[in-house]
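Taking it in order: structure first as structure tokens, then the write-up.
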Protein chains: 2
Amino acid sequence: MLGNFSYHNPTKLYFGDQALGYLNEELPKYGETVQLIYGGGSIKKSGLYDEILAILKQNGKTVVEDAGVMPNPTVEKLREGVRLARENKVDFLLAVGGGSCCDYAKAVSVSVHCDDDPWDKYYIRFEEPDCEIVPVGCVLTMAGTGSEMNGGAVITNHEQKLKIGHVFSDEVMPKFSILNPKYTMTLPKRQMVAGIYDIFNHICEQYFSGEDDNTSDYLAEALMKSVVHSSLIAVKNPEDYEARSNIMWTATWALNTLISRGKSTDWMVHMIGQSVGAYTDATHGMTLAAVSLPYYRMIMPYGLAKFKRFATEVWGVSADGKTDEQVAEEGLRALEGWMKQLGVTLSIGELGATEEMLEGIAEGTIILDGGYKTLTKEEVIQVLRESL
Amino acid sequence: MLGNFSYHNPTKLYFGDQALGYLNEELPKYGETVQLIYGGGSIKKSGLYDEILAILKQNGKTVVEDAGVMPNPTVEKLREGVRLARENKVDFLLAVGGGSCCDYAKAVSVSVHCDDDPWDKYYIRFEEPDCEIVPVGCVLTMAGTGSEMNGGAVITNHEQKLKIGHVFSDEVMPKFSILNPKYTMTLPKRQMVAGIYDIFNHICEQYFSGEDDNTSDYLAEALMKSVVHSSLIAVKNPEDYEARSNIMWTATWALNTLISRGKSTDWMVHMIGQSVGAYTDATHGMTLAAVSLPYYRMIMPYGLAKFKRFATEVWGVSADGKTDEQVAEEGLRALEGWMKQLGVTLSIGELGATEEMLEGIAEGTIILDGGYKTLTKEEVIQVLRESL
């Protein structure tokens, strides 16, 4: 653990099957008009919508409905949400849903009182908010993105074929998040496993970088082991509350800045996967799953010591009588085996990507240099082609 | 991970060898009069006192000196600090030192605007503060207690022969803490290893309890492995910055509430150790070290599965061909071996405890029931006697 860094994460978490009741403690802290943000209406089917509306009414709130947030929130939807917030002089944004709703709420929060177009300001010029930020709260219904305790907000621009994340500072983090593992049980299994792989990959992105001795790497291994362990229970029995609660908690800690403290990070799987998402509109976690193995097999020789450690510490691979390469490869095979048990996609072809798209997807991939190897555009294409 | 819980830790951490500069960002947020809290003057020898005083002056602060905080802060000193804060209408408490100074600052912070005697209110009646809380900031010079990112404040009453900790809510946590691993290098080796054992035992207290499947236990194992790994480097070369920085970071995360989320906890080693401290005034970490092994050997049969896991996951003990008891015992032998490598005390006799004190120490031990076995007073005496 070298270098200088800070850590500040003021989001308050309420966890458990009774967590929703704490909305009654939090809502009085904020103004009267609440923009209620949700997706395609699954919360109406589950009854959560009615429960939350009742709590909002009990607390004397005026509710501004903002439904229809899509799995990959678009810039058009963002502009519409901002307009809605302005017209109704909204005091508080309550996101009910998965990472898409939380991300979207944060993107709205920094744009309501900002004159510039949010896409240009935050996703092209990567500026920081210099206006009043509307506070956000989350009621989470899907475990995966970690958006409930971070400043990240990914927005997709279909016209420009770009899907870009901005990680805002701690002021933009949700003031509180309500995490009830039971809510995540209403999801289809495909969404559950996509979320699980998203969690795992968030950890990998922060783990596969750097060569120093770092407490964060130990914590990363712990989160990986916990999510792998619980995922194998949940994939057999999605109703297992204990497994679903461990998965939900690891999701939060996998991406709330803790495990990246004092170290460099990679994030290339996300960069490639997001570009695949911009072309295919596929589920985020599935895009990550599809490009991971060819990417890690490509960079493994450049970060061999860490890949060996990954094999022995996370997957219990024995190093006896083997070369470092053999141990490292065995770790990636163990990862592959687990991904198959989960049933995540290993091919971008299955997600709708075609040979013709590869050039464009590679063009839309932001190349970062925190990992063990800085890819060329040709290498991005190679990763994509191996996943077709 | 079962049950309902919340998590909120708003302390901002600045970590690294350049961290002190961030005082300039934090101080302007608070009022003019700063009570500067420190211990026996080692910060004067190291030059840190002058550096901090210069920063306080640059920021236009009026400084109220509050020196002489002892390793186990007393209730008399606490009352004196409260008087000082009241007389000078102090706006901010800046603790520079180890856990003692941070703990003391928090105890002062909840008492300045409170009419009741702080000992009676917080340490006998365990009430929560119902008065204005004076904000606290920390500049940490010793890694161990975790006081820099929690609400804990241990105070000793020599007259009553009681050393008691009150864990206050998040409003009492430091607003910020400055963690520069270099400051911890000025400590004598004995203090360093006492701090290391304190860290390790904080983790054990939260780990050796409960039988559910919990992400927190994976995180606990990660912190244990990291601190063991770095301690063996630091004990050979206390100047190793990387090892000292990992130790400092694990100390913070070992006791900032994270690894106890969603699970029960034990804390009996602290309860017994603190009572030993009330009688002997010995260094906190050494009292914990002295009573740990007899305590864990006593409770092991009641929490065998966890002690087996401790052996295999933390110490890499192989379970092949062994009974659970053998594996668990091997784990405790590995712990004992590490403690000997560190050079911590394994005997309360060495700390000044005598046979005549045992009855009183046991009497002063608060018996908690979160661990694998609720001790009787006779069993506390047995643990103490085995450590004489």
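Each chain in the structure tokens gets a letter, A, B and so on, in the order shown; residues start at 1 in every chain, and ligands are counted from 1 in the order they appear.
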
What are the closest atom pairs, with distances in Å to one decimal, for all residues of chain B lying within 7 Å of chain A? Consider only C-alpha atoms, order rows by chain and residue number, and present the result as CSV.
residue,atom,partner,partner_atom,distance
B:Met1,CA,A:Asn246,CA,5.7
B:Leu2,CA,A:Glu242,CA,6.1
B:Gly3,CA,A:Gly16,CA,6.0
B:Asn4,CA,A:Gly16,CA,4.3
B:Phe5,CA,A:Phe15,CA,5.3
B:Ser6,CA,A:Tyr14,CA,4.4
B:Tyr7,CA,A:Leu13,CA,5.0
B:His8,CA,A:Lys12,CA,4.6
B:Asn9,CA,A:Pro10,CA,6.2
B:Pro10,CA,A:Pro10,CA,4.5
B:Thr11,CA,A:His8,CA,6.6
B:Lys12,CA,A:His8,CA,4.6
B:Leu13,CA,A:Tyr7,CA,5.0
B:Tyr14,CA,A:Ser6,CA,4.4
B:Phe15,CA,A:Phe5,CA,5.4
B:Gly16,CA,A:Asn4,CA,4.3
B:Asp17,CA,A:Asn4,CA,6.7
B:Gln18,CA,A:Asn4,CA,6.6
B:Ala19,CA,A:Asn4,CA,6.9
B:Asn214,CA,A:Asn246,CA,6.4
B:Thr215,CA,A:Ser226,CA,5.7
B:Tyr218,CA,A:Ala222,CA,4.9
B:Leu219,CA,A:Ala222,CA,5.4
B:Ala222,CA,A:Tyr218,CA,4.9
B:Leu223,CA,A:Tyr218,CA,7.0
B:Ser226,CA,A:Thr215,CA,5.7
B:Glu242,CA,A:Met1,CA,5.7
B:Ser245,CA,A:Met1,CA,6.0
B:Asn246,CA,A:Met1,CA,5.7
B:Thr250,CA,A:Thr215,CA,6.9

Spatial neighbours of segment 341-352 of chain B, 10 Å, only C-alpha atoms, chain gap at least 3 places, as a ChimeraX atom specification: /B:189-197,228,231-232,234-236,273,276-277,279-283,285-294,335-338,355,357,384-388

Next, write the just-selected residues to a file, as an mmCIF file, in the first residue's frame, keeping C-alpha atoms as the atom set.
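Result went into again_20.cif, see below:
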data_model
loop_
_atom_site.group_PDB
_atom_site.id
_atom_site.type_symbol
_atom_site.label_atom_id
_atom_site.label_comp_id
_atom_site.auth_asym_id
_atom_site.auth_seq_id
_atom_site.Cartn_x
_atom_site.Cartn_y
_atom_site.Cartn_z
ATOM 1 C CA LYS B 189 9.094 -1.601 18.843
ATOM 2 C CA ARG B 190 7.187 -2.746 21.911
ATOM 3 C CA GLN B 191 4.424 -0.231 21.131
ATOM 4 C CA MET B 192 4.402 -1.273 17.484
ATOM 5 C CA VAL B 193 3.865 -4.947 18.267
ATOM 6 C CA ALA B 194 1.273 -4.153 20.941
ATOM 7 C CA GLY B 195 -0.617 -2.179 18.288
ATOM 8 C CA ILE B 196 -0.308 -5.035 15.791
ATOM 9 C CA TYR B 197 -1.727 -7.492 18.272
ATOM 10 C CA VAL B 228 0.183 -11.110 9.795
ATOM 11 C CA SER B 231 3.842 -7.644 10.703
ATOM 12 C CA LEU B 232 6.540 -10.202 9.923
ATOM 13 C CA ALA B 234 7.808 -4.790 10.092
ATOM 14 C CA VAL B 235 9.126 -6.726 13.057
ATOM 15 C CA LYS B 236 12.372 -7.366 11.152
ATOM 16 C CA GLY B 273 -7.842 -7.424 28.987
ATOM 17 C CA VAL B 276 -6.281 -6.339 33.593
ATOM 18 C CA GLY B 277 -5.438 -2.846 32.344
ATOM 19 C CA TYR B 279 -5.365 -3.063 37.674
ATOM 20 C CA THR B 280 -1.953 -2.845 36.048
ATOM 21 C CA ASP B 281 -2.167 0.207 33.733
ATOM 22 C CA ALA B 282 -0.388 -2.020 31.183
ATOM 23 C CA THR B 283 -0.335 -1.290 27.443
ATOM 24 C CA GLY B 285 -2.470 -4.555 23.224
ATOM 25 C CA MET B 286 -0.275 -6.447 25.671
ATOM 26 C CA THR B 287 -3.175 -7.142 28.015
ATOM 27 C CA LEU B 288 -5.089 -8.618 25.053
ATOM 28 C CA ALA B 289 -2.126 -10.730 23.997
ATOM 29 C CA ALA B 290 -1.672 -12.059 27.525
ATOM 30 C CA VAL B 291 -5.214 -13.391 27.908
ATOM 31 C CA SER B 292 -5.986 -14.471 24.316
ATOM 32 C CA LEU B 293 -4.571 -17.978 24.126
ATOM 33 C CA PRO B 294 -6.058 -19.339 27.353
ATOM 34 C CA LEU B 335 -1.307 -17.965 16.331
ATOM 35 C CA GLU B 336 0.933 -18.632 19.335
ATOM 36 C CA GLY B 337 3.969 -18.992 17.083
ATOM 37 C CA TRP B 338 3.219 -15.680 15.396
ATOM 38 C CA GLU B 355 -2.675 -13.926 42.213
ATOM 39 C CA MET B 357 -5.635 -9.357 41.919
ATOM 40 C CA LEU B 384 -6.385 -15.231 34.142
ATOM 41 C CA ARG B 385 -4.635 -17.867 36.207
ATOM 42 C CA GLU B 386 -3.403 -19.669 33.124
ATOM 43 C CA SER B 387 -1.848 -16.399 32.000
ATOM 44 C CA LEU B 388 -0.138 -15.580 35.319
#

Strand (DSSP E or B) per DSSP on the backbone: members of segment 3-104 of chain B, as a list of chain:residue names: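 In segment 3-104 of chain B, DSSP puts these residues in strand (DSSP E or B): B:Phe5, B:Ser6, B:Tyr7, B:His8, B:Asn9, B:Pro10, B:Thr11, B:Lys12, B:Leu13, B:Tyr14, B:Phe15, B:Thr33, B:Val34, B:Gln35, B:Leu36, B:Ile37, B:Thr62, B:Val63, B:Val64, B:Glu65, B:Asp66, B:Thr74, B:Phe92, B:Leu93, B:Leu94, B:Ala95, B:Val96, B:Gly97.
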
Residue neighbourhood Gly370 of chain A, 6 Å, only C-alpha atoms, exclusion window fewer than 3 positions, as JSON, numbers by chain: {"A": [264, 265, 266]}

Shortest interatomic distance to Glu363 of chain A - which of A:Asn150, A:Thr376, A:Gln58, A:Thr186, counting only C-alpha atoms: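 Of A:Asn150, A:Thr376, A:Gln58, A:Thr186, the one nearest Glu363 of chain A is A:Thr376, counting only C-alpha atoms.
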
Picked from segment 33-259 of chain B by DSSP as helix (DSSP H, G or I), as a ChimeraX atom specification: /B:42-46,48-58,75-87,99-109,118-124,147-149,170-172,181-186,189-207,215-236,241-254,258-259

Coordinates-based distance that separates atom CA of Arg297 of chain B from atom CA of Glu325 of chain B (Å, one decimal):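 Those two atoms sit 10.9 Å apart.
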
Exercise: Lys29 of chain B partners within 10 Å, only C-alpha atoms, chain neighbours under 4 positions left out, as a VMD selection string: chain B and resid 24 to 25 92

Distance in Å - atom CA of Val112 of chain A versus atom CA of Gly97 of chain A: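 Between these atoms lies a distance of 20.8 Å.
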
Spatial neighbours of Cys102 of chain A, 9 Å, only C-alpha atoms, chain gap at least 4 places, as a list in words: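 Result of the neighbour search: Ile37, Leu94, Ala95, Val96, Gly97, Gly98, Lys106, Ala107, Val136, Gly137, Cys138, Val139, Leu140, Ser147, Glu148, Gly152, Ala153 and Pro174 of chain A.
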